[in-house]
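K.L.:
Have a look at this one before I ask anything.
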Amino acid sequence: MALVNPDFAEELQAFGVDTALECFNCGTCAAICPLIFEHFPRKMIRYVQIGAYDKILQHAQELWRCLHCGLCTQTCPRQANPGELILGLRRYVVHRWRRA
Ligand code: SF4
Ligand code: SF4
């Protein structure tokens with residue numbers, strides 16, 4: 001069973017993740033991402049939106065596959081800035097790992 005935190009998106013603002021709620025899950029970022037990997041990065045943004053922080057921690061290593069190419073951010077129709085969101089999620093994960 002997934003653990004969810006309805007305040008998660010707000011909590012992430014401290015890590016520079018403040019545009020996740022702009023995303024309307026069109027999938028453009030996942031289609032253009034050169035990783036072509038399980039709907040990345042869209043799925044990570046969706047996890048933020050629904051507060052599924054345990055899923056982000058469970059799939060945390062995927063965050064380090066991002067190439068910082070910026071294609072997702074350039075093509076996002078909602079200015080959700082998915083590339084920057086991935087970087088912010090890395091900061092969040094490192095913070096959690098340090099506390100563990
Ligand atoms: S392209 Fe933008 S709006 Fe579409 S799924 Fe990705 S982050 Fe969300
Ligand atoms: S910045 Fe990262 S997530 Fe975005 S398209 Fe490039 S590799 Fe994929």
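Ordering of the structure tokens sets the chain letters (A, B, ...), residue numbers begin anew at 1 in every chain, and ligands are numbered from 1 in the order given.
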Do a neighbour search on segment 34-50 of chain A at 7 Å with only C-alpha atoms, toss out local chain neighbours closer than 4 positions, and write the hits as a ChimeraX atom specification.
P.N.:
/A:4,6,8-9,20-21,25,27,29-30,55-56,82
K.L.:
Taking only C-alpha atoms and all ligand atoms into account, which residues are within 6 Å of ligand 2, as a count of residues only?
P.N.:
12
K.L.:
Using only C-alpha atoms for the distances, tell me which of A:Val17, A:Cys23, A:Cys76, A:Ile32 is nearest to Arg90 of chain A.
P.N.:
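Closest to Arg90 of chain A of all the choices is A:Val17.
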K.L.:
Taking into account only C-alpha atoms and all ligand atoms, which residue in the set A:Leu87, A:Val94, A:Trp64, A:Ala31 is nearest to ligand 1?
P.N.:
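Answer, going by the shortest atom-to-atom distance: A:Ala31.
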K.L.:
As an exercise, work out the distance from atom 4 (Fe, counted along the ligand's line) of ligand 1 to atom CA of Thr28 of chain A in Å and give it to one decimal place.
P.N.:
4.9 Å
K.L.:
So which one's closest to ligand 1, A:Phe15, A:Tyr53, A:Val93, A:Cys26? Using only C-alpha atoms and all ligand atoms, please.
P.N.:
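Among the listed residues, A:Cys26 lies closest to ligand 1.
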